[in-house]
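Q: One file is attached below, target35.cif, containing mmCIF, C-alpha atoms.
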data_data
#
loop_
_atom_site.label_atom_id
_atom_site.label_comp_id
_atom_site.auth_asym_id
_atom_site.auth_seq_id
_atom_site.Cartn_x
_atom_site.Cartn_y
_atom_site.Cartn_z
CA MET T 1 -107.91 247.41 -35.57
CA SER T 2 -110.77 248.74 -37.68
CA SER T 3 -111.61 252.36 -38.45
CA MET T 4 -115.28 251.49 -37.81
CA GLU T 5 -116.58 251.26 -34.25
CA ILE T 6 -119.02 248.53 -33.29
CA SER T 7 -121.37 248.52 -30.31
CA ARG T 8 -120.37 246.81 -27.08
CA PRO T 9 -123.26 244.30 -27.27
CA THR T 10 -122.21 243.31 -30.81
CA TYR T 11 -118.58 242.93 -29.71
CA GLU T 12 -119.60 240.75 -26.78
CA LYS T 13 -121.97 238.69 -28.95
CA PHE T 14 -119.19 237.80 -31.38
CA ARG T 15 -116.77 237.14 -28.52
CA ASP T 16 -119.19 234.72 -26.85
CA MET T 17 -120.00 232.99 -30.14
CA PHE T 18 -116.35 232.52 -31.07
CA ALA T 19 -115.59 231.18 -27.59
CA GLN T 20 -118.15 228.46 -28.32
CA GLY T 21 -116.83 227.87 -31.83
CA ILE T 22 -119.99 229.29 -33.41
CA ARG T 23 -120.34 231.58 -36.45
CA PHE T 24 -123.46 233.04 -38.04
CA ASP T 25 -122.76 231.25 -41.35
CA ASN T 26 -122.16 227.91 -39.57
CA ARG T 27 -118.51 227.71 -40.59
CA LYS T 28 -115.85 226.41 -38.25
CA LEU T 29 -113.50 229.05 -36.83
CA ASP T 30 -110.71 227.83 -39.13
CA GLU T 31 -112.85 227.36 -42.26
CA TYR T 32 -112.58 229.48 -45.40
CA ARG T 33 -115.53 230.73 -47.41
CA THR T 34 -116.24 229.68 -50.98
CA LEU T 35 -113.54 230.76 -53.43
CA GLU T 36 -114.22 231.74 -57.05
CA VAL T 37 -111.61 232.85 -59.60
CA THR T 38 -112.22 234.32 -63.06
CA LEU T 39 -109.47 235.12 -65.57
CA PRO T 40 -108.70 237.08 -67.56
CA VAL T 41 -110.99 240.04 -66.88
CA SER T 42 -109.16 242.85 -68.72
CA ASN T 43 -107.87 243.15 -72.27
CA LYS T 44 -105.74 246.15 -71.27
CA ALA T 45 -103.57 244.31 -68.76
CA GLU T 46 -100.86 241.74 -69.39
CA GLY T 47 -102.49 239.56 -66.73
CA SER T 48 -105.68 239.91 -64.71
CA ALA T 49 -108.02 238.05 -62.38
CA ARG T 50 -111.21 238.50 -60.41
CA VAL T 51 -111.39 236.76 -57.04
CA LYS T 52 -114.43 236.20 -54.84
CA LEU T 53 -113.86 234.93 -51.31
CA GLY T 54 -117.36 234.67 -49.93
CA LYS T 55 -118.81 238.11 -50.68
CA THR T 56 -115.38 239.77 -50.72
CA GLU T 57 -114.54 240.59 -54.32
CA VAL T 58 -111.39 242.02 -55.81
CA VAL T 59 -110.02 242.58 -59.32
CA VAL T 60 -106.24 242.52 -59.86
CA GLY T 61 -104.39 243.59 -62.99
CA VAL T 62 -100.72 243.19 -63.95
CA LYS T 63 -99.09 245.77 -66.23
CA LEU T 64 -95.55 245.51 -67.59
CA GLU T 65 -93.43 248.53 -68.45
CA VAL T 66 -89.77 249.09 -69.27
CA GLY T 67 -87.98 251.50 -66.94
CA THR T 68 -84.76 252.08 -65.07
CA PRO T 69 -83.73 249.67 -62.30
CA TYR T 70 -83.62 250.71 -58.67
CA PRO T 71 -80.15 252.00 -57.64
CA ASP T 72 -79.66 249.17 -55.14
CA SER T 73 -80.64 246.41 -57.60
CA LEU T 74 -79.23 247.28 -61.01
CA ASP T 75 -79.29 243.62 -62.05
CA LYS T 76 -82.97 243.06 -61.23
CA GLY T 77 -86.36 244.05 -62.55
CA ASN T 78 -88.79 246.12 -60.47
CA LEU T 79 -91.94 245.15 -58.61
CA MET T 80 -94.62 247.69 -57.66
CA VAL T 81 -97.98 247.04 -55.98
CA SER T 82 -100.77 249.59 -55.56
CA ALA T 83 -104.38 249.52 -54.35
CA ASP T 84 -107.31 251.80 -55.11
CA LEU T 85 -109.80 251.59 -52.23
CA LEU T 86 -113.00 253.17 -53.52
CA PRO T 87 -115.91 254.01 -51.18
CA MET T 88 -118.24 251.81 -53.24
CA ALA T 89 -116.34 248.77 -51.95
CA SER T 90 -116.78 249.46 -48.24
CA PRO T 91 -118.18 252.08 -45.84
CA ARG T 92 -114.70 252.04 -44.26
CA PHE T 93 -113.10 253.50 -47.39
CA GLU T 94 -113.27 257.25 -47.80
CA PRO T 95 -112.54 259.49 -50.80
CA GLY T 96 -109.41 261.61 -50.77
CA PRO T 97 -105.71 260.89 -50.20
CA PRO T 98 -104.78 257.23 -49.50
CA GLY T 99 -105.41 256.24 -45.90
CA PHE T 100 -103.64 253.58 -43.86
CA ASP T 101 -105.60 250.69 -45.40
CA ALA T 102 -104.68 251.83 -48.92
CA VAL T 103 -101.00 251.78 -47.95
CA GLU T 104 -101.05 248.59 -45.88
CA LEU T 105 -102.91 246.36 -48.36
CA PRO T 106 -100.47 246.65 -51.29
CA ARG T 107 -97.51 246.49 -48.91
CA LEU T 108 -98.67 243.16 -47.51
CA VAL T 109 -99.31 241.72 -50.97
CA ASP T 110 -95.91 243.01 -52.14
CA ARG T 111 -94.07 241.42 -49.23
CA ALA T 112 -95.82 238.06 -49.63
CA ILE T 113 -94.74 237.92 -53.28
CA ARG T 114 -91.33 239.59 -53.11
CA GLU T 115 -90.00 237.74 -50.07
CA SER T 116 -91.13 234.36 -51.38
CA GLY T 117 -88.91 234.73 -54.44
CA MET T 118 -91.82 233.83 -56.71
CA ILE T 119 -90.61 236.18 -59.48
CA ASP T 120 -87.07 235.76 -60.79
CA LEU T 121 -86.38 239.49 -60.99
CA LYS T 122 -82.94 238.96 -62.52
CA LYS T 123 -84.58 237.57 -65.65
CA LEU T 124 -86.48 240.83 -66.12
CA VAL T 125 -83.35 242.75 -67.11
CA VAL T 126 -83.44 244.23 -70.64
CA VAL T 127 -80.11 246.11 -70.52
CA GLU T 128 -78.27 245.61 -67.23
CA GLY T 129 -77.98 248.81 -65.24
CA GLU T 130 -80.10 250.72 -67.74
CA LYS T 131 -83.44 249.12 -68.59
CA VAL T 132 -85.52 246.49 -66.87
CA TRP T 133 -89.10 245.30 -66.89
CA THR T 134 -91.25 246.76 -64.12
CA VAL T 135 -94.06 244.50 -62.90
CA ILE T 136 -96.97 246.66 -61.71
CA ILE T 137 -99.74 244.96 -59.74
CA ASP T 138 -102.92 247.04 -59.34
CA ILE T 139 -105.53 245.94 -56.79
CA TYR T 140 -109.15 247.09 -57.11
CA PRO T 141 -111.52 245.90 -54.36
CA ILE T 142 -115.10 245.67 -55.61
CA ASN T 143 -116.62 244.62 -52.29
CA ASP T 144 -114.85 244.31 -48.95
CA ASP T 145 -116.74 241.78 -46.87
CA GLY T 146 -113.71 240.92 -44.75
CA ASN T 147 -110.25 239.37 -45.19
CA LEU T 148 -109.38 241.58 -48.15
CA VAL T 149 -105.62 240.96 -47.81
CA ASP T 150 -105.85 237.21 -48.41
CA ALA T 151 -108.27 237.67 -51.33
CA ALA T 152 -106.06 240.34 -52.93
CA THR T 153 -102.97 238.13 -52.61
CA ILE T 154 -104.76 235.28 -54.36
CA GLY T 155 -105.76 237.67 -57.15
CA ALA T 156 -102.19 238.94 -57.53
CA ILE T 157 -100.74 235.42 -57.66
CA VAL T 158 -103.24 234.23 -60.28
CA ALA T 159 -102.79 237.38 -62.40
CA LEU T 160 -99.00 236.98 -62.30
CA LYS T 161 -99.16 233.33 -63.32
CA ASN T 162 -101.26 234.26 -66.34
CA ALA T 163 -99.32 237.36 -67.40
CA HIS T 164 -97.23 237.52 -70.58
CA LEU T 165 -94.45 239.88 -71.54
CA PRO T 166 -95.13 242.28 -74.42
CA GLY T 167 -92.77 242.29 -77.36
CA LEU T 168 -89.91 244.79 -77.56
CA LYS T 169 -89.34 247.36 -80.27
CA GLU T 170 -85.88 248.20 -81.58
CA ASN T 171 -85.47 250.92 -78.93
CA ASN T 172 -86.30 248.40 -76.18
CA LEU T 173 -89.71 249.92 -75.53
CA PRO T 174 -92.73 247.65 -75.02
CA ASP T 175 -94.70 246.76 -78.12
CA TYR T 176 -98.19 246.32 -76.64
CA LYS T 177 -99.74 245.79 -80.07
CA HIS T 178 -97.75 242.60 -80.54
CA PRO T 179 -97.94 240.57 -77.35
CA THR T 180 -95.73 237.52 -77.01
CA LYS T 181 -96.45 234.14 -75.49
CA THR T 182 -93.54 234.61 -73.10
CA ALA T 183 -94.74 234.16 -69.54
CA LEU T 184 -93.24 236.02 -66.62
CA PRO T 185 -90.10 234.35 -65.21
CA LEU T 186 -91.69 232.70 -62.21
CA VAL T 187 -90.00 230.15 -59.99
CA GLY T 188 -92.25 227.19 -60.66
CA ASP T 189 -92.15 225.42 -57.31
CA ILE T 190 -92.97 228.52 -55.24
CA ALA T 191 -96.63 229.34 -54.56
CA PRO T 192 -97.01 232.14 -51.99
CA LEU T 193 -100.26 232.98 -50.24
CA SER T 194 -101.34 235.21 -47.38
CA VAL T 195 -102.91 233.59 -44.33
CA SER T 196 -104.51 236.05 -41.90
CA PHE T 197 -105.46 235.13 -38.35
CA PHE T 198 -107.97 237.26 -36.42
CA LYS T 199 -108.17 237.22 -32.64
CA LEU T 200 -111.17 238.04 -30.45
CA GLY T 201 -110.88 237.19 -26.79
CA SER T 202 -109.10 233.84 -26.68
CA ALA T 203 -110.49 232.70 -30.04
CA ILE T 204 -108.56 232.68 -33.33
CA VAL T 205 -110.66 233.02 -36.49
CA ILE T 206 -109.85 232.52 -40.17
CA ASP T 207 -111.40 234.40 -43.12
CA PRO T 208 -113.88 236.61 -41.23
CA THR T 209 -116.79 238.48 -42.76
CA ARG T 210 -116.67 242.26 -42.45
CA GLU T 211 -118.82 242.23 -39.29
CA GLU T 212 -116.63 239.54 -37.72
CA GLN T 213 -113.43 241.36 -38.69
CA GLU T 214 -114.63 244.64 -37.20
CA ALA T 215 -115.33 242.86 -33.91
CA CYS T 216 -111.85 241.34 -33.72
CA ASP T 217 -109.08 242.95 -31.67
CA VAL T 218 -106.02 241.75 -33.63
CA ARG T 219 -105.03 240.59 -37.09
CA VAL T 220 -101.82 238.70 -37.83
CA THR T 221 -101.06 238.30 -41.55
CA LEU T 222 -98.39 235.81 -42.58
CA GLY T 223 -96.96 235.55 -46.09
CA VAL T 224 -96.45 231.82 -46.59
CA SER T 225 -94.84 229.79 -49.36
CA LYS T 226 -93.92 226.19 -49.98
CA LYS T 227 -90.72 225.10 -51.68
CA LYS T 228 -89.60 221.52 -52.14
CA GLY T 229 -92.08 220.36 -49.53
CA THR T 230 -90.97 222.89 -46.89
CA TYR T 231 -93.20 225.72 -45.66
CA PHE T 232 -91.72 229.18 -45.17
CA ILE T 233 -93.03 232.26 -43.36
CA ASN T 234 -91.75 235.06 -45.60
CA SER T 235 -93.49 238.02 -44.00
CA CYS T 236 -95.45 238.86 -40.87
CA GLN T 237 -97.49 241.89 -39.86
CA LYS T 238 -99.74 242.48 -36.87
CA ALA T 239 -102.58 244.99 -36.70
CA GLY T 240 -104.36 245.91 -33.48
CA GLU T 241 -103.25 247.23 -30.12
CA LEU T 242 -103.68 244.09 -28.00
CA PRO T 243 -100.72 241.71 -27.69
CA VAL T 244 -100.36 238.24 -29.15
CA SER T 245 -98.64 235.79 -26.81
CA SER T 246 -95.88 233.46 -27.93
CA GLU T 247 -98.25 230.55 -27.29
CA GLU T 248 -100.91 232.10 -29.52
CA PHE T 249 -98.41 232.77 -32.30
CA SER T 250 -97.12 229.20 -32.04
CA ALA T 251 -100.70 227.95 -32.36
CA MET T 252 -101.14 230.06 -35.51
CA ALA T 253 -97.87 228.82 -36.99
CA SER T 254 -98.80 225.20 -36.31
CA LYS T 255 -101.97 225.63 -38.38
CA LEU T 256 -100.19 227.18 -41.36
CA PRO T 257 -99.45 223.99 -43.34
CA GLU T 258 -103.06 222.80 -43.12
CA LEU T 259 -104.53 226.22 -43.95
CA PHE T 260 -102.05 226.81 -46.77
CA GLU T 261 -102.90 223.47 -48.36
CA THR T 262 -106.65 224.03 -47.92
CA LEU T 263 -106.51 227.44 -49.58
CA ASN T 264 -104.15 226.20 -52.29
CA GLU T 265 -106.45 223.26 -53.05
CA LYS T 266 -109.43 225.62 -53.34
CA LEU T 267 -107.42 227.73 -55.77
CA LYS T 268 -106.37 224.73 -57.87
CA ASN T 269 -109.99 223.55 -58.09
CA CYS T 270 -111.07 227.01 -59.26
CA LEU T 271 -108.45 227.04 -62.01
CA LYS T 272 -109.54 223.62 -63.27
CA ASP T 273 -113.04 224.90 -64.11
#
Let me see whether you can do it: turn the structure in this file into structure tokens.
A:
Amino acid sequence: MSSMEISRPTYEKFRDMFAQGIRFDNRKLDEYRTLEVTLPVSNKAEGSARVKLGKTEVVVGVKLEVGTPYPDSLDKGNLMVSADLLPMASPRFEPGPPGFDAVELPRLVDRAIRESGMIDLKKLVVVEGEKVWTVIIDIYPINDDGNLVDAATIGAIVALKNAHLPGLKENNLPDYKHPTKTALPLVGDIAPLSVSFFKLGSAIVIDPTREEQEACDVRVTLGVSKKKGTYFINSCQKAGELPVSSEEFSAMASKLPELFETLNEKLKNCLKD
């Protein structure tokens, strides 16, 4: 699953520890690390946030531009997500053209947001069939100490909720010098998050550190949302060559409501501060 290789003794050490429900930082296997959220962090973006999940740290910015709609959705605005994985954030990231991680990370964040219906894209139309707002989410990992997908999704959600549309000039171009107080058209009762499960041996682990993640054989990332009291799995992606049995996936799915609420409560507490 990882581009980094770990030694066999290290792999076996983590496998034996997880089988006993033990972690080096004394967390339970299904326990998240401390969450911290800071916003805003950029005066150049229409919305921004810094998220720390344990030692994993990521900055997310939201930019808004006016452009042409996609040919298959002339009555909707556009959503684009990108990630810049710099070597300073992790020894796994290398300079040069985007690797698999740089493609997978924004794709997973995009799917968690898009498929949940969090953004009402139809309300981002400026001139139907001609001009629409494009929501651009840029992800910048500062330190990857494991579970970057979930941390980046939290950052994207918070940045979106705090983004505001710029004003429009007479030619329907953005007027960045005169920002408005108009928030993005978000569907208020939808709050998507990513919940990633990591498997090593028969154990399932939540929110691993980088060393734990590199020891794991499989990752299953689920985009989850809650609407009117009902939980929805909006996206699913597996990484790793080993299979996940139907019983294991059912066990993951059964934990989703509890994990979603735990992570959501952590996020709400952060935003109260």
Q: Please list as a count of residues only every residue within 7 Å of Trp133 of chain T, counting all atoms listed in the file and excluding residues in the same chain fewer than 2 positions away.
A: 10
Q: Here's a test: counting all atoms listed in the file, identify every protein, DNA and RNA residue with an atom at most 12 Å from (-98.0, 243.5, -80.4) in the file's coordinate frame, and state them as a list in words.
A: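 The residues that fall inside the cut-off are Glu46, His164, Leu165, Pro166, Gly167, Leu168, Lys169, Leu173, Pro174, Asp175, Tyr176, Lys177, His178, Pro179, Thr180 and Lys181 of chain T.
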Q: Hey, which of T:Ile119, T:Leu39, T:Leu105, T:Val58 ends up closest to Ala239 of chain T? Count all atoms listed in the file.
A: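 Ranking T:Ile119, T:Leu39, T:Leu105, T:Val58 by distance to Ala239 of chain T, first place goes to T:Leu105.
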Q: To one decimal place, how far is atom CA of Gln20 of chain T from atom CA of Thr56 of chain T in Å?
A: 25.2 Å
Q: For atom CA of Phe232 of chain T and atom CA of Val205 of chain T, quote the distance in Å rounded to one decimal.
A: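 A separation of 21.2 Å between them.
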Q: Counting all atoms listed in the file, which residue out of T:Leu267, T:Leu121, T:Ile190, T:Ala215 sits closest to Arg15 of chain T?
A: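 Using all atoms listed in the file, Arg15 of chain T sits closest to T:Ala215.
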Q: Restricting the calculation to only C-alpha atoms, which member of T:Gly54, T:Pro87, T:Gly240, T:Gly229 is positioned closest to Pro208 of chain T?
A: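 Closest to Pro208 of chain T of all the choices is T:Gly54.
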Q: Rounded to one decimal in Å, what is the spacing between atom CA of Ala151 of chain T and atom CA of Lys123 of chain T?
A: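 Value for the atom CA of Ala151 of chain T-atom CA of Lys123 of chain T distance: 27.7 Å.
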Q: Can you list, as an MDAnalysis selection string, the residues that the PyMOL selection byres ((chain T and resi 10) around 12) selects here?
A: chainID T and resid 5:9 11:17 211:216
Q: Translate the PyMOL selection byres ((chain T and resi 160) around 8), as applied to the file shown, into an explicit residue set as a PyMOL selection string.
A: chain T and resi 47-48+62+156-159+161-163+184
Q: Tell me which residues the PyMOL selection byres ((chain T and resi 244) around 12) grabs here, as a PyMOL selection string.
A: chain T and resi 197-204+217-220+237-243+245-252
Q: For a cut-off of 10 Å around (-94.4, 252.7, -51.5), file coordinates, pick out all residues using all atoms listed in the file and list them as a PyMOL selection string.
A: chain T and resi 80-82+103-104+106-107+110
Q: For Ala191 of chain T, which of T:Leu271, T:Ile206, T:Ala253, T:Ala112 is the closest residue, counting only C-alpha atoms?
A: T:Ala112
Q: Which one of T:Phe18, T:Phe24, T:Tyr32, T:Phe100 sits closest to Thr262 of chain T if you count all atoms listed in the file?
A: T:Tyr32
Q: Do a neighbour search on Arg50 of chain T at 10 Å with only C-alpha atoms, toss out local chain neighbours closer than 3 positions, and write the hits as a PyMOL selection string.
A: chain T and resi 36-42+57-61+140-142+151-152+154-156+158-159
Q: For Lys55 of chain T, work out the shell of residues within 9 Å, counting only C-alpha atoms and skipping chain neighbours fewer than 4 positions away, then give it as a list in words.
A: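 Counting only the stated atoms, we get Arg33, Thr34, Asn143, Asp144, Asp145, Gly146 and Thr209 of chain T.
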Q: Determine the nearest neighbour of Ala102 of chain T from the options T:Glu265, T:Asp75, T:Asp138, T:Glu128, counting all atoms listed in the file.
A: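 Result for the nearest residue to Ala102 of chain T: T:Asp138.
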